[in-house]
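**Student:** Data file query-v7.tsv (TSV, C-alpha atoms) is appended below.
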chain	number	residue	atom	x	y	z
V	21	ARG	CA	-74.08	-27.05	79.37
V	22	ASP	CA	-76.92	-29.53	79.32
V	23	SER	CA	-79.67	-26.92	79.67
V	24	VAL	CA	-80.11	-23.36	78.46
V	25	ASN	CA	-82.49	-20.43	78.84
V	26	PRO	CA	-82.70	-19.42	75.16
V	27	THR	CA	-83.58	-16.17	73.48
V	28	LEU	CA	-84.90	-16.25	69.92
V	29	GLU	CA	-83.60	-13.44	67.77
V	30	LEU	CA	-84.79	-12.19	64.39
V	31	LYS	CA	-82.37	-9.83	62.69
V	32	PHE	CA	-83.28	-7.53	59.84
V	33	LYS	CA	-81.37	-5.03	57.76
V	34	ASP	CA	-82.26	-2.19	55.39
V	35	ASN	CA	-79.02	-1.22	53.60
V	36	LEU	CA	-76.57	-0.48	56.45
V	37	VAL	CA	-79.24	0.15	59.11
V	38	GLY	CA	-80.19	-2.95	61.03
V	39	GLY	CA	-82.24	-4.00	63.98
V	40	LYS	CA	-83.53	-7.06	65.73
V	41	LYS	CA	-86.50	-8.46	67.55
V	42	ARG	CA	-85.83	-10.66	70.55
V	43	TYR	CA	-88.01	-12.99	72.55
V	44	ALA	CA	-86.68	-14.52	75.76
V	45	LEU	CA	-88.28	-17.92	76.08
V	46	PRO	CA	-89.88	-18.41	79.51
V	47	LEU	CA	-88.43	-21.91	79.85
V	48	THR	CA	-85.29	-23.95	80.23
V	49	LEU	CA	-84.40	-26.36	77.44
V	50	ASP	CA	-82.87	-29.73	78.24
V	51	LEU	CA	-80.32	-30.22	75.44
V	52	SER	CA	-80.18	-33.97	76.02
V	53	ARG	CA	-83.65	-34.27	74.43
V	54	PRO	CA	-84.18	-34.80	70.65
V	55	TRP	CA	-84.70	-31.78	68.42
V	56	PRO	CA	-88.35	-32.60	67.55
V	57	ALA	CA	-89.26	-32.58	71.27
V	58	LEU	CA	-87.34	-29.35	71.83
V	59	MET	CA	-89.02	-27.66	68.87
V	60	ARG	CA	-92.48	-28.64	70.19
V	61	GLN	CA	-91.56	-27.23	73.60
V	62	ILE	CA	-90.35	-23.97	72.03
V	63	ARG	CA	-93.46	-23.59	69.84
V	64	ARG	CA	-95.79	-24.03	72.84
V	65	ALA	CA	-93.95	-21.24	74.70
V	66	LEU	CA	-94.18	-18.71	71.85
V	67	PRO	CA	-96.88	-16.13	71.13
V	68	PRO	CA	-98.63	-16.65	67.75
V	69	ALA	CA	-96.54	-14.13	65.78
V	70	TRP	CA	-93.31	-15.84	66.83
V	71	GLN	CA	-94.79	-19.28	66.11
V	72	ASP	CA	-95.33	-18.15	62.50
V	73	LEU	CA	-91.70	-17.00	62.26
V	74	LEU	CA	-90.43	-20.29	63.66
V	75	ASN	CA	-92.51	-22.24	61.14
V	76	VAL	CA	-90.57	-20.54	58.32
V	77	ALA	CA	-87.18	-21.57	59.76
V	78	SER	CA	-87.97	-24.72	61.70
V	79	GLN	CA	-84.79	-26.73	61.07
V	80	PRO	CA	-82.07	-26.13	63.67
V	81	THR	CA	-78.75	-25.49	61.93
V	82	LEU	CA	-76.43	-23.95	64.50
V	83	LEU	CA	-75.92	-23.36	68.20
V	84	ASN	CA	-73.78	-20.27	68.61
V	85	GLN	CA	-72.33	-18.93	71.85
V	86	TYR	CA	-69.81	-16.26	72.77
V	87	GLN	CA	-68.79	-13.96	75.59
V	88	ARG	CA	-69.97	-10.36	75.33
V	89	ASP	CA	-68.99	-7.25	77.25
V	90	TYR	CA	-71.15	-4.11	77.01
V	91	PHE	CA	-70.03	-0.48	77.10
V	92	VAL	CA	-72.06	2.71	76.83
V	93	THR	CA	-71.34	6.43	76.84
V	94	PRO	CA	-72.55	8.37	79.92
V	95	ASP	CA	-75.48	9.77	77.91
V	96	SER	CA	-76.32	6.27	76.49
V	97	ALA	CA	-76.15	7.61	72.93
V	98	ILE	CA	-73.29	5.36	71.79
V	99	ARG	CA	-73.15	1.66	72.63
V	100	ALA	CA	-70.31	-0.79	72.09
V	101	THR	CA	-70.05	-4.53	72.42
V	102	LEU	CA	-66.93	-6.67	72.61
V	103	ASP	CA	-67.51	-10.28	71.52
V	104	TYR	CA	-64.95	-13.05	72.04
V	105	ARG	CA	-64.58	-16.77	72.78
V	106	GLN	CA	-67.05	-17.76	70.09
V	107	ARG	CA	-68.01	-21.41	69.94
V	108	ALA	CA	-70.44	-22.88	67.47
V	109	TYR	CA	-71.93	-26.32	67.01
V	110	ASP	CA	-73.34	-27.72	63.75
V	111	GLN	CA	-76.90	-29.03	64.28
V	112	ARG	CA	-77.74	-30.24	60.76
V	113	LEU	CA	-76.73	-33.90	61.05
V	114	GLY	CA	-77.96	-35.01	64.43
V	115	ARG	CA	-81.26	-35.90	65.99
V	116	LEU	CA	-79.97	-34.63	69.35
V	117	PRO	CA	-78.42	-31.21	69.93
V	118	ASN	CA	-74.67	-31.25	69.35
V	119	VAL	CA	-73.03	-29.55	72.33
V	120	LYS	CA	-69.86	-31.67	72.36
V	121	ARG	CA	-68.18	-31.12	68.96
V	122	PRO	CA	-67.49	-27.43	68.27
V	123	LEU	CA	-66.67	-26.19	64.79
V	124	PRO	CA	-63.12	-24.97	64.09
V	125	LEU	CA	-63.39	-21.18	64.32
V	126	ASP	CA	-60.84	-18.39	64.18
V	127	ASN	CA	-60.20	-16.76	67.54
V	128	LEU	CA	-61.71	-13.37	66.66
V	129	LEU	CA	-62.31	-10.34	68.80
V	130	VAL	CA	-65.27	-8.37	67.43
V	131	ILE	CA	-65.90	-4.77	68.45
V	132	GLU	CA	-69.22	-3.32	67.37
V	133	ILE	CA	-70.11	0.29	67.98
V	134	LYS	CA	-73.69	1.44	67.44
V	135	SER	CA	-75.83	4.54	67.69
V	136	ASP	CA	-79.04	6.04	66.42
V	137	LEU	CA	-78.82	7.75	63.03
V	138	THR	CA	-78.91	11.12	64.82
V	139	GLN	CA	-75.49	10.32	66.34
V	140	GLU	CA	-73.76	9.43	63.06
V	141	GLU	CA	-71.22	12.27	63.19
V	142	ARG	CA	-70.29	11.50	66.79
V	143	LEU	CA	-70.01	7.80	65.96
V	144	GLU	CA	-67.60	8.57	63.10
V	145	GLU	CA	-65.50	10.69	65.48
V	146	ILE	CA	-65.23	7.79	67.94
V	147	MET	CA	-64.45	5.28	65.19
V	148	ALA	CA	-61.56	7.46	63.98
V	149	HIS	CA	-59.67	6.53	67.18
V	150	PHE	CA	-59.68	2.79	66.46
V	151	PRO	CA	-56.53	1.53	64.71
V	152	ALA	CA	-58.16	-1.65	63.32
V	153	PRO	CA	-59.76	-1.55	59.88
V	154	ARG	CA	-63.54	-1.68	59.68
V	155	SER	CA	-65.09	-4.78	58.23
V	156	ARG	CA	-68.31	-6.70	58.22
V	157	ASN	CA	-68.58	-9.69	60.51
V	158	SER	CA	-71.25	-12.26	61.16
V	159	LYS	CA	-70.71	-14.79	63.92
V	160	TYR	CA	-73.44	-16.90	62.34
V	161	ALA	CA	-71.89	-16.76	58.85
V	162	ASN	CA	-68.42	-17.56	60.26
V	163	ALA	CA	-69.81	-20.68	61.92
V	164	VAL	CA	-71.76	-21.80	58.85
V	165	LEU	CA	-68.62	-21.45	56.70
V	166	ALA	CA	-66.64	-23.48	59.25
V	167	ALA	CA	-69.23	-26.26	58.92
V	168	LEU	CA	-68.65	-26.63	55.17
Would you mind writing the file out in structure tokens?
**Tutor:**
Amino acid sequence: RDSVNPTLELKFKDNLVGGKKRYALPLTLDLSRPWPALMRQIRRALPPAWQDLLNVASQPTLLNQYQRDYFVTPDSAIRATLDYRQRAYDQRLGRLPNVKRPLPLDNLLVIEIKSDLTQEERLEEIMAHFPAPRSRNSKYANAVLAAL
């Protein structure tokens, strides 16, 4: 794709409990433009608090995309995502966004099941029915390792 409607995401973790802040940018980015122009466009569209966050990590390193299917229990207490078809593009060496040369990634299927801490026992009961072993996974880390 030559243009995208991006969402900035800041992830945080305290031991095994994580969360994220998201900000859907109210613009479309033309990925045929140079990174400095894109970064200026992004900064102008952000509220001040997000501008400060972007200043800390202002060098684009990776474009990451994947398909995601969502599932939820009828009471919305347990949520699951199924991620697949990951593609990632190294951004460190080019002045323009790289959307043509994907990194070599394993064809993984990632199932993530989440709940509030109050649903921990129920979550464990659901997880007991999955035959696959539990492991940590980071789509971002997988892509960064593929770039090395």
**Student:** Point out the residue among V:Pro26, V:Pro67, V:Pro56, V:Pro94 with the least atom-to-atom distance to Gly114 (chain V), counting all atoms listed in the file.
**Tutor:** V:Pro56
**Student:** Could I get the residues of region 30-70 of chain V with an atom no further than 12 Å from an atom of region 119-133 of chain V, each paired with its nearest atom pair and that distance in Å to one decimal, using all atoms listed in the file, sorted by chain and residue number, as JSON lines?
**Tutor:**
{"residue": "V:Asp50", "atom": "CA", "partner": "V:Val119", "partner_atom": "CA", "distance": 11.5}
{"residue": "V:Leu51", "atom": "CA", "partner": "V:Val119", "partner_atom": "CA", "distance": 8.0}
{"residue": "V:Ser52", "atom": "CA", "partner": "V:Val119", "partner_atom": "CA", "distance": 9.2}
{"residue": "V:Arg53", "atom": "CA", "partner": "V:Val119", "partner_atom": "CA", "distance": 11.8}
**Student:** Just to confirm, what's the straight-line distance from CA of Leu66 (chain V) to CA of Val24 (chain V) in Å (one decimal)?
**Tutor:**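 A separation of 16.2 Å between them.
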**Student:** Which residues, protein or nucleic acid, reach to within 12 Å of (-80.3, 0.6, 63.1) in the file's coordinates when using only C-alpha atoms, and can you give that as a ChimeraX atom specification?
**Tutor:** /V:31-41,99,133-140
**Student:** If I take CA of Thr81 (chain V) and CA of Pro46 (chain V), how far is one from the other in Å, to one decimal?
**Tutor:**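 A separation of 22.0 Å between them.
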**Student:** Take CA of Arg105 (chain V) and CA of Asp89 (chain V) and report the distance between them in Å, one decimal.
**Tutor:**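 Going from CA of Arg105 (chain V) over to CA of Asp89 (chain V) covers 11.4 Å.
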**Student:** Looking at only C-alpha atoms, which of V:Thr93, V:Asn25, V:Asn118, V:Ser158 is the one that sits closest to Gln106 (chain V)?
**Tutor:**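 Under the stated criterion, the closest residue is V:Ser158.
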**Student:** Which of these, V:Asn75, V:Ser23, V:Thr48, V:Gln85, has the shortest distance to Asp110 (chain V) once you count all atoms listed in the file?
**Tutor:**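 The shortest atom-to-atom distance to Asp110 (chain V) comes from V:Gln85.
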**Student:** Hey, which of V:Asp22, V:Asn84, V:Gln61, V:Trp55 ends up closest to Ala108 (chain V)? Count only C-alpha atoms.
**Tutor:** V:Asn84
**Student:** Find the spatial neighbours of Pro80 (chain V), counting only C-alpha atoms, within a cut-off of 9 Å - ignore same-chain residues fewer than 2 positions away - and output them as a PyMOL selection string.
**Tutor:** chain V and resi 55+59+77-78+82-83+110-112+117
**Student:** Model the absent atoms of region 120-134 of chain V so that N, CA and C atoms are present, and write the result as a short mmCIF file (atom, residue, chain, number, x, y, z; two decimals), in the coordinates of the input.
**Tutor:**
data_model
loop_
_atom_site.label_atom_id
_atom_site.label_comp_id
_atom_site.auth_asym_id
_atom_site.auth_seq_id
_atom_site.Cartn_x
_atom_site.Cartn_y
_atom_site.Cartn_z
N LYS V 120 -71.15 -31.06 72.02
CA LYS V 120 -69.86 -31.67 72.36
C LYS V 120 -68.77 -31.43 71.30
N ARG V 121 -69.16 -31.24 70.03
CA ARG V 121 -68.18 -31.12 68.96
C ARG V 121 -68.25 -29.73 68.32
N PRO V 122 -67.45 -28.78 68.84
CA PRO V 122 -67.49 -27.43 68.27
C PRO V 122 -66.84 -27.38 66.89
N LEU V 123 -67.27 -26.43 66.11
CA LEU V 123 -66.67 -26.19 64.79
C LEU V 123 -65.33 -25.49 64.96
N PRO V 124 -64.41 -25.68 64.02
CA PRO V 124 -63.12 -24.97 64.09
C PRO V 124 -63.30 -23.51 63.66
N LEU V 125 -63.20 -22.59 64.60
CA LEU V 125 -63.39 -21.18 64.32
C LEU V 125 -62.12 -20.39 64.61
N ASP V 126 -61.93 -19.30 63.88
CA ASP V 126 -60.84 -18.39 64.18
C ASP V 126 -61.12 -17.73 65.53
N ASN V 127 -60.07 -17.41 66.24
CA ASN V 127 -60.20 -16.76 67.54
C ASN V 127 -60.30 -15.24 67.31
N LEU V 128 -61.49 -14.78 66.99
CA LEU V 128 -61.71 -13.37 66.66
C LEU V 128 -62.16 -12.57 67.87
N LEU V 129 -61.81 -11.32 67.85
CA LEU V 129 -62.31 -10.34 68.80
C LEU V 129 -63.11 -9.34 67.96
N VAL V 130 -64.40 -9.22 68.24
CA VAL V 130 -65.27 -8.37 67.43
C VAL V 130 -65.73 -7.20 68.29
N ILE V 131 -65.44 -6.00 67.80
CA ILE V 131 -65.90 -4.77 68.45
C ILE V 131 -66.96 -4.16 67.56
N GLU V 132 -68.13 -3.93 68.13
CA GLU V 132 -69.22 -3.32 67.37
C GLU V 132 -69.67 -2.07 68.11
N ILE V 133 -69.71 -0.97 67.38
CA ILE V 133 -70.11 0.29 67.98
C ILE V 133 -71.36 0.77 67.25
N LYS V 134 -72.38 1.12 68.03
CA LYS V 134 -73.69 1.44 67.44
C LYS V 134 -74.23 2.74 68.02
#
